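For reference, the structure is listed below as structure tokens.
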2 protein chains.
Amino acid sequence: MEKKRASLDEIFSPRGIAVVGASPSRGPFVQGLQEAEFPAIYPVNPKYRELFGLRCYPNLQSIPGIVDHVVVSIPAEAAPALMDDCLAKGIKSIHFFTAGFSETGYQGGVELERTILDKARASGIRIIGPNCMGMFVPKSRVTSTIFGKPLQRGPVAFLSQSGGNCADLPFFTRPRGVHFSKLISYGNAIDINENELLEYFAQDPETEIIAAYIEGVRNGTRFVSILKEAASRKPVVIYKGGTTGAGQRAAFGHTASMTSSIAVFDAVCRQSNSIRVDDMEELTDMLVALRMATPIPQGPGVAVLGTGGGGTVLAGDVMEKAGLHLPPLSAEIREDLKEYLPLAGSIFGNPMDSTSLMSREGISAVLRRLGELPDIHMFVYHLGYHPVSHWGSSRLRSFVPQAIEGLLEAQRATGKPVLLALRPSPDLPGMKDFFAAQEAFVEAGFPVFHSLIKLAKALARLVAWNQAR
Amino acid sequence: MEKKRASLDEIFSPRGIAVVGASPSRGPFVQGLQEAEFPAIYPVNPKYRELFGLRCYPNLQSIPGIVDHVVVSIPAEAAPALMDDCLAKGIKSIHFFTAGFSETGYQGGVELERTILDKARASGIRIIGPNCMGMFVPKSRVTSTIFGKPLQRGPVAFLSQSGGNCADLPFFTRPRGVHFSKLISYGNAIDINENELLEYFAQDPETEIIAAYIEGVRNGTRFVSILKEAASRKPVVIYKGGTTGAGQRAAFGHTASMTSSIAVFDAVCRQSNSIRVDDMEELTDMLVALRMATPIPQGPGVAVLGTGGGGTVLAGDVMEKAGLHLPPLSAEIREDLKEYLPLAGSIFGNPMDSTSLMSREGISAVLRRLGELPDIHMFVYHLGYHPVSHWGSSRLRSFVPQAIEGLLEAQRATGKPVLLALRPSPDLPGMKDFFAAQEAFVEAGFPVFHSLIKLAKALARLVAWNQAR
């Protein structure tokens, strides 16, 4: 066979998609495409004549329209024969949701994987996976219910060797204002792998920020040069899974990945100025920082403001431990701020704790004065020092719009970014207020973090990344 | 004056409480006592004849009944005169909610503080604070609305130099099954301080676990010997605030605390086998581990089970990084487990990922077999690998009771504890399911943590503490 291999651009924008092995109980791929109004969906299963209101076909050959992409969830043993059908139908790419290949560690699975790879190489058909969740491409209306709604487009691309991590991420980033150009879960990576995807996203005009969850790298030398090139163009955030013995065993059982030494991986990240994080929560926080902190803080100097003594002591500790700098306030500044800040019940410095920071005027005045200081590059405002449920949801609800106005005024006047730590509540009524407040802050354009520690970590990485550029 | 000073036992069980400075807008102390049905509450404020349906008195002297304890929220300047009134009325203890003393750093505040301390020493009246939230003693029905409801009793005592941290803690621990014998926020600690409280809780029969938030220690030598004695009797968990320059400045502004070197503090904790944590979240997790993990795991060997490949790789990494040990499974064990575990889509080892772990029978069978291994001392089960909202709340709701049965069966059969990581959801419908699931697991007696990382940290500390005993 001499068939031309499809480019990733073609794979990310198929004209028709067949879902082989769809059934009433295995519907996420068909239903996701339906909800996204993808125009040409073909369920394939000889047992059904109709599925989810769509005509169901006995096999690929019986589909009348063009099919570029096939999603497969039949057992691994049936995969080689299906490859032949795909070739006959002129398919460009196959996403094997199917597992049971080399990741099992058993000879049969290893051989099956080799067989489908040989067939792919001979035919030019591209393979995503096997053992993965496939792709989410809002522009092309390609999705699955596992990625959730809506189909909003954004500037982040995510390549993930874990389907769960890939499917989780948009659920966690959406409420915080971060959306995607493309998500791809690539599992065992026998054909399309991290190198090809990184290289693609580095030049993809729809992608401004690249995120990756990687368990193992197949071609280390190529990876290093591709990562350097990608990171020189766009911020790259990497969560490397399998950094311990137990994690590495799990990574092998998960995607048959042979994980490399974390010391080597770490050095590669440092040299390329990629941002390495330790879990999906940190990856989420890092994307929020990169996407939402505008402008990017031009140095490590932070003024931390909020209410609550314990929270303020914590704020000072976690910011400095993370490597940020909290310049103490001079006597002159303290004198200037006296008119806004009562002495009793305040912590009158940086970090600052004052009930005056609970009004639009107070926030705006104090932040604007502090923003005049050249060694303060950003503001951190924290809220939720006491469970929202107790503190009084009516008080919080009326305060949030005031806080937003005051913070926006300060941000505009000083040209320095404001970042928020909003603490979740331990009960449901409190969480209702929490989500409402988060939505309002995110809509106003602020990066919102769920603890001071998380904010400090992400912020320190943002500052270090920016200074190393 | 030769008046006898009241013991902490007397202070924690007052017969009558006056609230000086109560007003319609400053009601947390009066309302909290009312809700708790404390029998003798006396609001004091010459401006009102009635407050919250209670008779309001113009001054302490006009109160007809016995008053042992006074809560004060009038301005600092009026504090010395109030001390004289207290002496005349035969008060045993005063809680100064009032701030504006030495923590301001201003001479006037320092002098006022010295005056009230002199008066306290001369009269035998004990002072809690100033600049603090006072006490929560369920047995005596002493509380404030800031501590929330209900008035449930438990085995943990918490002494806190931060009022916010003290008021937060019960909100965060209650849903996770941890309740208190006594909570006390002691602020500037001019009279009742960390040493006296630690010494008291060490011998308090109602207290089995001691927790502390400390910014500064007034008498280091005494503290060391008291801490050693306390920690030899009961587990002591300490969150030390003010460990960096910025944190120390904040701690001084907060409670006028001169913080000591964190290296010294750390050494003291190690020598006494106290458990040092880095923030209130970690303190909460540690209390959950100490209170709910039964029996205490007798070694570092953990079997980690759940569903989701990415989560399983993470589980392996975070457990080993925290210092726990995940023994790999032998070929023999893998052979035995084959009947329960499908090969495809599983990670067949330790950590283990399998959909078989989504049924009562599967959980029970797999955990019982693993529990036979002598190097496995506990089980970690994780749930929430995908946002609950998406994963299907009906599926989760029907699964939780099954999981509880399977885990209880395994725990009973093996005599080894099960700990749970239940991940919160990024949206409100998911959080509804999350809280319902948490409630069910907690009611069944399980320790529930909100991430694998948090669980791993608390568990590693628990194991290390137990091994050092």
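Each chain in the structure tokens gets a letter, A, B and so on, in the order shown; residues start at 1 in every chain, and ligands are counted from 1 in the order they appear.
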As a ChimeraX atom specification, list the residues of segment 74-250 of chain B assigned to helix (DSSP H, G or I) by DSSP on the backbone atoms of this structure. /B:76-89,102-104,107-123,138-140,145-147,163-176,194-203,220-233,245-250
Who sits within 12 Å of segment 356-366 of chain A, only C-alpha atoms, same chain under 6 positions skipped, as an NGL selection string: :A and (303-308 or 333-350 or 372-373 or 379-384 or 395-396 or 398-414 or 418)
Could I get the residues of segment 247-319 of chain B with an atom no further than 8 Å from an atom of segment 440-451 of chain B, each paired with its nearest atom pair and that distance in Å to one decimal, using only C-alpha atoms, sorted by chain and residue number, as JSON lines?
```
{"residue": "B:Asp285", "atom": "CA", "partner": "B:Phe449", "partner_atom": "CA", "distance": 6.8}
{"residue": "B:Val288", "atom": "CA", "partner": "B:Pro447", "partner_atom": "CA", "distance": 5.9}
{"residue": "B:Ala289", "atom": "CA", "partner": "B:Pro447", "partner_atom": "CA", "distance": 6.2}
{"residue": "B:Met292", "atom": "CA", "partner": "B:Pro447", "partner_atom": "CA", "distance": 4.9}
{"residue": "B:Ala293", "atom": "CA", "partner": "B:Pro447", "partner_atom": "CA", "distance": 5.9}
```
For the selection just defined, write its residues with C-alpha atoms to a file, as an mmCIF file, in the first residue's frame.
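Contents of the output file result.cif:
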```cif
data_model
loop_
_atom_site.group_PDB
_atom_site.id
_atom_site.type_symbol
_atom_site.label_atom_id
_atom_site.label_comp_id
_atom_site.auth_asym_id
_atom_site.auth_seq_id
_atom_site.Cartn_x
_atom_site.Cartn_y
_atom_site.Cartn_z
ATOM 1 C CA ASP B 285 -6.419 15.833 58.007
ATOM 2 C CA VAL B 288 -9.170 12.785 60.947
ATOM 3 C CA ALA B 289 -6.338 10.240 60.713
ATOM 4 C CA MET B 292 -10.898 7.788 62.525
ATOM 5 C CA ALA B 293 -8.188 5.324 61.428
#
```
Just to confirm, what's the straight-line distance from atom CA of Phe171 of chain B to atom CA of Thr355 of chain A in Å (one decimal)?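 Atom CA of Phe171 of chain B sits 22.0 Å away from atom CA of Thr355 of chain A.
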Return as a tab-separated table the residues of chain A lying at most 6 Å from chain B, together with the closest atom-to-atom pair for each and the distance in Å to one decimal, counting only C-alpha atoms, with rows in chain order and ascending residue number.
```
residue	atom	partner	partner_atom	distance
A:Ala99	CA	B:Ala344	CA	5.3
A:Gly100	CA	B:Ala344	CA	4.0
A:Ser162	CA	B:Gly310	CA	5.2
A:Gly164	CA	B:Gly310	CA	5.9
A:Asn165	CA	B:Gly310	CA	5.8
A:Asp168	CA	B:His386	CA	5.6
A:Phe172	CA	B:Pro426	CA	5.5
A:Gly242	CA	B:Val313	CA	6.0
A:Thr243	CA	B:Asp317	CA	5.9
A:Thr244	CA	B:Asp317	CA	5.2
A:Ala246	CA	B:Gly316	CA	4.6
A:Gly247	CA	B:Gly316	CA	4.1
A:Ala250	CA	B:Val313	CA	5.1
A:Ala251	CA	B:Val313	CA	5.7
A:Gly253	CA	B:Ile347	CA	4.8
A:His254	CA	B:Ile347	CA	5.6
A:Gly309	CA	B:His254	CA	5.6
A:Gly310	CA	B:Ser162	CA	5.2
A:Val313	CA	B:Gly247	CA	4.8
A:Gly316	CA	B:Gly247	CA	4.1
A:Asp317	CA	B:Gly247	CA	4.5
A:Ala344	CA	B:Gly100	CA	4.0
A:Gly345	CA	B:Ala99	CA	5.5
A:Ile347	CA	B:Gly253	CA	4.8
A:His386	CA	B:Asp168	CA	5.6
A:Pro426	CA	B:Phe172	CA	5.5
```
Residues from last step as file, N, CA and C atoms, as a PDB file, in the first residue's frame:
```pdb
ATOM      1  N   ALA A  99      -8.918  -1.522  25.208  1.00  0.00           N
ATOM      2  CA  ALA A  99      -7.698  -1.831  25.948  1.00  0.00           C
ATOM      3  C   ALA A  99      -7.437  -3.331  25.851  1.00  0.00           C
ATOM      4  N   GLY A 100      -6.373  -3.810  26.505  1.00  0.00           N
ATOM      5  CA  GLY A 100      -6.064  -5.232  26.496  1.00  0.00           C
ATOM      6  C   GLY A 100      -4.868  -5.520  25.602  1.00  0.00           C
ATOM      7  N   SER A 162      -3.110   9.659  30.008  1.00  0.00           N
ATOM      8  CA  SER A 162      -4.195   9.079  30.809  1.00  0.00           C
ATOM      9  C   SER A 162      -5.531   9.607  30.309  1.00  0.00           C
ATOM     10  N   GLY A 164      -8.379   9.294  31.963  1.00  0.00           N
ATOM     11  CA  GLY A 164      -9.062   9.907  33.101  1.00  0.00           C
ATOM     12  C   GLY A 164      -8.597  11.334  33.315  1.00  0.00           C
ATOM     13  N   ASN A 165      -7.290  11.546  33.301  1.00  0.00           N
ATOM     14  CA  ASN A 165      -6.772  12.899  33.478  1.00  0.00           C
ATOM     15  C   ASN A 165      -7.241  13.824  32.360  1.00  0.00           C
ATOM     16  N   ASP A 168     -10.897  14.565  32.941  1.00  0.00           N
ATOM     17  CA  ASP A 168     -11.096  15.406  34.133  1.00  0.00           C
ATOM     18  C   ASP A 168     -10.832  16.879  33.857  1.00  0.00           C
ATOM     19  N   PHE A 172     -12.497  20.648  35.493  1.00  0.00           N
ATOM     20  CA  PHE A 172     -11.890  21.445  36.551  1.00  0.00           C
ATOM     21  C   PHE A 172     -11.473  22.838  36.079  1.00  0.00           C
ATOM     22  N   GLY A 242       4.459   8.694  37.350  1.00  0.00           N
ATOM     23  CA  GLY A 242       5.387   7.561  37.452  1.00  0.00           C
ATOM     24  C   GLY A 242       6.760   8.028  37.862  1.00  0.00           C
ATOM     25  N   THR A 243       6.859   8.674  39.014  1.00  0.00           N
ATOM     26  CA  THR A 243       8.145   9.205  39.456  1.00  0.00           C
ATOM     27  C   THR A 243       8.703   8.394  40.621  1.00  0.00           C
ATOM     28  N   THR A 244       7.983   7.384  41.047  1.00  0.00           N
ATOM     29  CA  THR A 244       8.462   6.518  42.133  1.00  0.00           C
ATOM     30  C   THR A 244       8.336   5.076  41.656  1.00  0.00           C
ATOM     31  N   ALA A 246       6.477   2.657  42.845  1.00  0.00           N
ATOM     32  CA  ALA A 246       5.073   2.243  42.766  1.00  0.00           C
ATOM     33  C   ALA A 246       4.371   2.953  41.608  1.00  0.00           C
ATOM     34  N   GLY A 247       4.691   4.225  41.414  1.00  0.00           N
ATOM     35  CA  GLY A 247       4.090   4.976  40.312  1.00  0.00           C
ATOM     36  C   GLY A 247       4.541   4.423  38.974  1.00  0.00           C
ATOM     37  N   ALA A 250       2.730   1.257  38.215  1.00  0.00           N
ATOM     38  CA  ALA A 250       1.366   1.585  37.791  1.00  0.00           C
ATOM     39  C   ALA A 250       1.360   2.130  36.367  1.00  0.00           C
ATOM     40  N   ALA A 251       2.350   2.952  36.030  1.00  0.00           N
ATOM     41  CA  ALA A 251       2.421   3.524  34.681  1.00  0.00           C
ATOM     42  C   ALA A 251       2.639   2.433  33.643  1.00  0.00           C
ATOM     43  N   GLY A 253       1.603  -0.706  33.961  1.00  0.00           N
ATOM     44  CA  GLY A 253       0.329  -1.409  33.865  1.00  0.00           C
ATOM     45  C   GLY A 253      -0.754  -0.568  33.210  1.00  0.00           C
ATOM     46  N   HIS A 254      -0.563   0.742  33.240  1.00  0.00           N
ATOM     47  CA  HIS A 254      -1.561   1.650  32.683  1.00  0.00           C
ATOM     48  C   HIS A 254      -1.406   1.788  31.179  1.00  0.00           C
ATOM     49  N   GLY A 309      -6.680  36.954  60.821  1.00  0.00           N
ATOM     50  CA  GLY A 309      -5.303  36.926  61.300  1.00  0.00           C
ATOM     51  C   GLY A 309      -4.588  35.640  60.960  1.00  0.00           C
ATOM     52  N   GLY A 310      -5.223  34.512  61.230  1.00  0.00           N
ATOM     53  CA  GLY A 310      -4.588  33.223  60.957  1.00  0.00           C
ATOM     54  C   GLY A 310      -4.292  33.071  59.477  1.00  0.00           C
ATOM     55  N   VAL A 313      -1.255  35.224  58.523  1.00  0.00           N
ATOM     56  CA  VAL A 313       0.034  34.620  58.899  1.00  0.00           C
ATOM     57  C   VAL A 313       0.377  33.503  57.898  1.00  0.00           C
ATOM     58  N   GLY A 316       1.602  34.909  54.577  1.00  0.00           N
ATOM     59  CA  GLY A 316       3.007  35.316  54.614  1.00  0.00           C
ATOM     60  C   GLY A 316       3.918  34.106  54.501  1.00  0.00           C
ATOM     61  N   ASP A 317       3.616  33.079  55.273  1.00  0.00           N
ATOM     62  CA  ASP A 317       4.468  31.881  55.265  1.00  0.00           C
ATOM     63  C   ASP A 317       4.479  31.184  53.902  1.00  0.00           C
ATOM     64  N   ALA A 344      -6.990  48.652  65.598  1.00  0.00           N
ATOM     65  CA  ALA A 344      -7.388  47.443  66.322  1.00  0.00           C
ATOM     66  C   ALA A 344      -7.957  46.412  65.358  1.00  0.00           C
ATOM     67  N   GLY A 345      -7.560  45.168  65.573  1.00  0.00           N
ATOM     68  CA  GLY A 345      -8.108  44.085  64.760  1.00  0.00           C
ATOM     69  C   GLY A 345      -7.508  44.011  63.373  1.00  0.00           C
ATOM     70  N   ILE A 347      -3.871  43.622  60.842  1.00  0.00           N
ATOM     71  CA  ILE A 347      -2.433  43.391  60.764  1.00  0.00           C
ATOM     72  C   ILE A 347      -1.963  44.383  59.718  1.00  0.00           C
ATOM     73  N   HIS A 386     -13.165  32.339  56.814  1.00  0.00           N
ATOM     74  CA  HIS A 386     -14.059  31.602  57.698  1.00  0.00           C
ATOM     75  C   HIS A 386     -15.112  30.952  56.829  1.00  0.00           C
ATOM     76  N   PRO A 426     -16.854  23.845  53.723  1.00  0.00           N
ATOM     77  CA  PRO A 426     -17.037  22.432  54.080  1.00  0.00           C
ATOM     78  C   PRO A 426     -18.481  21.952  54.011  1.00  0.00           C
TER      79      PRO A 426
END
```
d(atom CA of Thr294 of chain A, atom CA of Arg141 of chain A) in Å: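 These two atoms are separated by 29.6 Å.
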If DSSP is run on the backbone, what residues of segment 209-375 of chain B are strand (DSSP E)? A reply as a list in words would be ideal. Ile209, Ile210, Ala211, Ala212, Tyr213, Ile214, Val236, Val237, Ile238, Tyr239, Lys240, Ile275, Arg276, Val277, Val302, Ala303, Val304, Leu305, Gly306, Met352 and Asp353 of chain B
Contacts of Arg270 of chain A at 10 Å (only C-alpha atoms; same-chain gap of 5+ positions) as a list in words: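 Once the nearby chain positions are removed, what remains is Lys228, Val264, Phe265, Ile275, Arg276, Trp465 and Ala468 of chain A.
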May I have the selected residues written with N, CA and C atoms, as an mmCIF file, in the first residue's frame?
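Printed below is part_34.cif as written:
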```
data_model
loop_
_atom_site.group_PDB
_atom_site.id
_atom_site.type_symbol
_atom_site.label_atom_id
_atom_site.label_comp_id
_atom_site.auth_asym_id
_atom_site.auth_seq_id
_atom_site.Cartn_x
_atom_site.Cartn_y
_atom_site.Cartn_z
ATOM 1 N N LYS A 228 12.255 21.607 23.677
ATOM 2 C CA LYS A 228 12.974 22.887 23.692
ATOM 3 C C LYS A 228 12.378 23.857 22.687
ATOM 4 N N VAL A 264 16.437 13.076 35.373
ATOM 5 C CA VAL A 264 16.704 13.435 33.978
ATOM 6 C C VAL A 264 15.552 14.274 33.430
ATOM 7 N N PHE A 265 14.336 13.829 33.702
ATOM 8 C CA PHE A 265 13.166 14.545 33.202
ATOM 9 C C PHE A 265 13.138 15.971 33.742
ATOM 10 N N ILE A 275 7.444 24.103 32.467
ATOM 11 C CA ILE A 275 6.988 24.198 33.854
ATOM 12 C C ILE A 275 6.531 22.817 34.306
ATOM 13 N N ARG A 276 7.307 22.197 35.203
ATOM 14 C CA ARG A 276 6.927 20.861 35.671
ATOM 15 C C ARG A 276 6.072 20.970 36.923
ATOM 16 N N TRP A 465 9.119 31.182 35.528
ATOM 17 C CA TRP A 465 9.063 30.904 34.088
ATOM 18 C C TRP A 465 9.249 32.191 33.291
ATOM 19 N N ALA A 468 12.781 33.516 33.372
ATOM 20 C CA ALA A 468 13.753 32.699 32.630
ATOM 21 C C ALA A 468 13.582 32.840 31.110
#
```
Find the residues near Ala120 of chain B: any atom within 10 Å, counting only C-alpha atoms, skip ones fewer than 4 places away on the same chain, and give them as a count of residues only. 18
Please report the interatomic distance between atom CA of Gly187 of chain A and atom CA of Met133 of chain A in Å with one decimal.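 Answer for the atom CA of Gly187 of chain A to atom CA of Met133 of chain A separation: 7.7 Å.
Residue nearest His179 of chain B within the list B:Ile17, B:Ile63, B:Ala211, B:Ala78: B:Ala211 [criterion: smallest interatomic distance, only C-alpha atoms].
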Find the residues around Glu206 of chain B up to 9 Å (only C-alpha atoms counted), leave out those fewer than 5 positions away in its own chain, and share them as an mmCIF file with N, CA and C atoms, in the first residue's frame.
```cif
data_model
loop_
_atom_site.group_PDB
_atom_site.id
_atom_site.type_symbol
_atom_site.label_atom_id
_atom_site.label_comp_id
_atom_site.auth_asym_id
_atom_site.auth_seq_id
_atom_site.Cartn_x
_atom_site.Cartn_y
_atom_site.Cartn_z
ATOM 1 N N GLY B 154 -16.645 15.559 71.574
ATOM 2 C CA GLY B 154 -15.708 14.591 71.016
ATOM 3 C C GLY B 154 -14.419 14.621 71.808
ATOM 4 N N PRO B 155 -13.381 13.887 71.372
ATOM 5 C CA PRO B 155 -12.188 13.705 72.193
ATOM 6 C C PRO B 155 -11.033 14.664 71.888
ATOM 7 N N VAL B 156 -11.257 15.660 71.016
ATOM 8 C CA VAL B 156 -10.139 16.521 70.610
ATOM 9 C C VAL B 156 -10.201 17.875 71.313
ATOM 10 N N ALA B 157 -9.070 18.320 71.839
ATOM 11 C CA ALA B 157 -8.965 19.684 72.360
ATOM 12 C C ALA B 157 -8.088 20.486 71.417
ATOM 13 N N SER B 181 -13.676 18.283 72.718
ATOM 14 C CA SER B 181 -13.924 18.427 74.157
ATOM 15 C C SER B 181 -13.913 19.917 74.486
ATOM 16 N N LYS B 182 -12.909 20.614 73.994
ATOM 17 C CA LYS B 182 -12.769 22.057 74.215
ATOM 18 C C LYS B 182 -12.013 22.684 73.046
ATOM 19 N N PHE B 201 -4.736 20.137 79.113
ATOM 20 C CA PHE B 201 -5.315 19.144 78.189
ATOM 21 C C PHE B 201 -4.612 17.787 78.324
#
```
Taking 3 positions as the minimum chain separation for residues in the same chain, which residues sit within 6 Å of Leu452 of chain A when counting only C-alpha atoms? Answer as number ranges by chain. A: 421, 455-456
